[in-house]
Amino acid sequence: MSGGHDDDGLPEEHEEHVNHEAWVIPYADMLTLLMALFLMLFAISSVDLAKFEKLAAGAAGVLGGHGGGSQVLDGGAAILEGSGPAAVPPAIPDARAKEAEAALQREEEARRAAQLAAKAMADVEDRLREAIAEDIRSSIAIRREARGVVMSIVADQVLFVPGEANLQPAGLDILRQVAGTIRGLPNPVTVEGHTDDVPISTSRFRSNWELSTARATEVLRVLVDDLGIPANRVAAAGYGEQRPVAGNDTPEGRSKNRRVELAVLTEVGTGG
């Protein structure tokens, strides 16, 4: 039957066309919202209030606002409700920048101080070498360490007789030669006694600890009482056989380990 009617005389119903691209519209809206969100996050991270206000006005227009004070989100002027204007602290980047600048400045000052200290210690080493007479230099070794300049003096027949802690004339002469240099410095000085690993047990010294400490104390006493080194700049310590500089398996090595060391420290003291 013609005329758009079916056999029963009713109009024919046409099947509606399905739009398979309808998803594009909400997808585009979602991308627009995401773009606006990321722009807001970027503006907030820069903590620039003026840029944030401009961005908010622009985003409000994109999302359907019409100006006139419209906002993307309802709420107060602050990020957190009731927090007030202080919730957006524009001073944070400036504070961090100043803190970083101060850290760099401290690092530079520390580097310069280290350079000056190294130069000062090199001068101390040169002055100590010049103060020592040629005929006794074989009994003394001077080296530079991180803590300062260390002068190592052989103990045997130079500072002390074996097993004793009474300073010998040759040792007193060495101390006189270097005392003038040490006395004119502001640096602290430590006097350290050392022995080899051969055990000792006498009526006076029951161990190498006691012998090394007694020898260090004797040298300190002479430096302070006889040679004018300020007492508040000097300290003494005994290490026994615990810090050898050579092997104890040969007579030569044991002789090097029996020593007293004067360490002029890099750190400048307040006394003097």
# chains A, B, ... in the order shown; residues from 1 in each chain; ligands from 1
>>> residues_around(residues="Phe205 in chain A", least_positions_apart="5", cutoff="12 Å", atoms="only C-alpha atoms", output="ChimeraX atom specification")
/A:163-165,199-200,210-215,240
>>> select_by_dssp(residues="range 79-235 of chain A", states="strand (DSSP E)", output="list in words")
Ile140, Ala141, Ile142, Arg143, Arg144, Glu145, Gly148, Val149, Val150, Met151, Ser152, Ile153, Val154, Val189, Thr190, Val191, Glu192, Gly193, His194, Val234 and Ala235 of chain A
>>> residues_around(residues="Ala114 in chain A", least_positions_apart="5", cutoff="12 Å", atoms="only C-alpha atoms", output="list in words")
Glu107, Glu108, Glu109, Lys119, Ala120, Met121, Ala146, Arg147, Gly148, Thr266 and Glu267 of chain A
>>> residues_around(residues="Ala237 in chain A", least_positions_apart="5", cutoff="12 Å", atoms="only C-alpha atoms", output="number ranges by chain")
A: 189-194, 209-220, 260-263
>>> write_last_selection(atoms="C-alpha atoms", output="PDB file, in the first residue's frame")
ATOM      1  CA  VAL A 189      98.881  22.657  70.104  1.00  0.00           C
ATOM      2  CA  THR A 190      98.586  19.041  71.194  1.00  0.00           C
ATOM      3  CA  VAL A 191     101.511  17.022  72.542  1.00  0.00           C
ATOM      4  CA  GLU A 192     101.110  13.299  71.842  1.00  0.00           C
ATOM      5  CA  GLY A 193     103.217  10.440  73.191  1.00  0.00           C
ATOM      6  CA  HIS A 194     103.645   7.147  71.286  1.00  0.00           C
ATOM      7  CA  TRP A 209      99.841   3.891  77.968  1.00  0.00           C
ATOM      8  CA  GLU A 210     101.379   5.318  81.121  1.00  0.00           C
ATOM      9  CA  LEU A 211     104.810   5.745  79.545  1.00  0.00           C
ATOM     10  CA  SER A 212     103.480   7.578  76.476  1.00  0.00           C
ATOM     11  CA  THR A 213     101.264   9.827  78.612  1.00  0.00           C
ATOM     12  CA  ALA A 214     104.111  10.677  80.980  1.00  0.00           C
ATOM     13  CA  ARG A 215     106.390  11.621  78.078  1.00  0.00           C
ATOM     14  CA  ALA A 216     103.726  13.844  76.495  1.00  0.00           C
ATOM     15  CA  THR A 217     103.071  15.534  79.833  1.00  0.00           C
ATOM     16  CA  GLU A 218     106.793  16.140  80.381  1.00  0.00           C
ATOM     17  CA  VAL A 219     107.145  17.854  77.003  1.00  0.00           C
ATOM     18  CA  LEU A 220     104.032  19.944  77.716  1.00  0.00           C
ATOM     19  CA  VAL A 260     106.503  12.457  70.592  1.00  0.00           C
ATOM     20  CA  GLU A 261     104.465  14.575  68.201  1.00  0.00           C
ATOM     21  CA  LEU A 262     103.634  18.269  68.375  1.00  0.00           C
ATOM     22  CA  ALA A 263     100.487  19.016  66.343  1.00  0.00           C
TER      23      ALA A 263
END
>>> closest_residue(among="A:Val198, A:Gly238, A:Arg183, A:Arg259", to="Ala155 in chain A", atoms="only C-alpha atoms")
A:Arg259
>>> atom_distance(atom1="CA of Leu159 in chain A", atom2="CA of Leu172 in chain A")
7.4 Å
>>> atom_distance(atom1="CA of Glu145 in chain A", atom2="CA of Ala231 in chain A")
23.6 Å
>>> atom_distance(atom1="CA of Arg137 in chain A", atom2="CA of Val154 in chain A")
10.5 Å
>>> residues_around(residues="Pro244 in chain A", least_positions_apart="4", cutoff="9 Å", atoms="only C-alpha atoms", output="PDB file with N, CA and C atoms, in the first residue's frame")
ATOM      1  N   HIS A 194     103.856   8.424  71.962  1.00  0.00           N
ATOM      2  CA  HIS A 194     103.645   7.147  71.286  1.00  0.00           C
ATOM      3  C   HIS A 194     104.792   6.190  71.631  1.00  0.00           C
ATOM      4  N   THR A 195     104.496   4.908  71.626  1.00  0.00           N
ATOM      5  CA  THR A 195     105.504   3.878  71.878  1.00  0.00           C
ATOM      6  C   THR A 195     105.406   2.801  70.806  1.00  0.00           C
ATOM      7  N   ASP A 196     106.346   1.823  70.866  1.00  0.00           N
ATOM      8  CA  ASP A 196     106.190   0.638  70.030  1.00  0.00           C
ATOM      9  C   ASP A 196     105.305  -0.365  70.763  1.00  0.00           C
ATOM     10  N   ASP A 197     105.245  -1.599  70.228  1.00  0.00           N
ATOM     11  CA  ASP A 197     104.339  -2.583  70.836  1.00  0.00           C
ATOM     12  C   ASP A 197     105.019  -3.525  71.822  1.00  0.00           C
ATOM     13  N   ASN A 248     106.105  -2.730  63.441  1.00  0.00           N
ATOM     14  CA  ASN A 248     106.839  -3.081  64.658  1.00  0.00           C
ATOM     15  C   ASN A 248     107.607  -4.383  64.521  1.00  0.00           C
ATOM     16  N   GLY A 253     111.530   0.130  62.416  1.00  0.00           N
ATOM     17  CA  GLY A 253     110.127   0.505  62.541  1.00  0.00           C
ATOM     18  C   GLY A 253     109.747   0.816  63.978  1.00  0.00           C
ATOM     19  N   ARG A 254     110.218   0.018  64.917  1.00  0.00           N
ATOM     20  CA  ARG A 254     109.901   0.280  66.328  1.00  0.00           C
ATOM     21  C   ARG A 254     110.508   1.601  66.780  1.00  0.00           C
ATOM     22  N   LYS A 256     110.908   4.268  64.934  1.00  0.00           N
ATOM     23  CA  LYS A 256     110.074   5.349  64.417  1.00  0.00           C
ATOM     24  C   LYS A 256     108.782   5.495  65.225  1.00  0.00           C
ATOM     25  N   ASN A 257     108.282   4.390  65.742  1.00  0.00           N
ATOM     26  CA  ASN A 257     107.031   4.441  66.502  1.00  0.00           C
ATOM     27  C   ASN A 257     107.218   5.044  67.891  1.00  0.00           C
ATOM     28  N   ARG A 258     108.447   4.945  68.427  1.00  0.00           N
ATOM     29  CA  ARG A 258     108.712   5.568  69.735  1.00  0.00           C
ATOM     30  C   ARG A 258     109.010   7.038  69.490  1.00  0.00           C
TER      31      ARG A 258
END
>>> residues_around(residues="Gly180 in chain A", least_positions_apart="4", cutoff="9 Å", atoms="only C-alpha atoms", output="PyMOL selection string")
chain A and resi 131+176+184+227-229
>>> select_by_dssp(residues="range 95-220 of chain A", states="alpha helix (DSSP H)", output="PyMOL selection string")
chain A and resi 95-131+169-183+208-220
>>> closest_residue(among="A:Val158, A:Tyr239, A:Arg144, A:Phe42", to="Ala122 in chain A", atoms="only C-alpha atoms")
A:Arg144
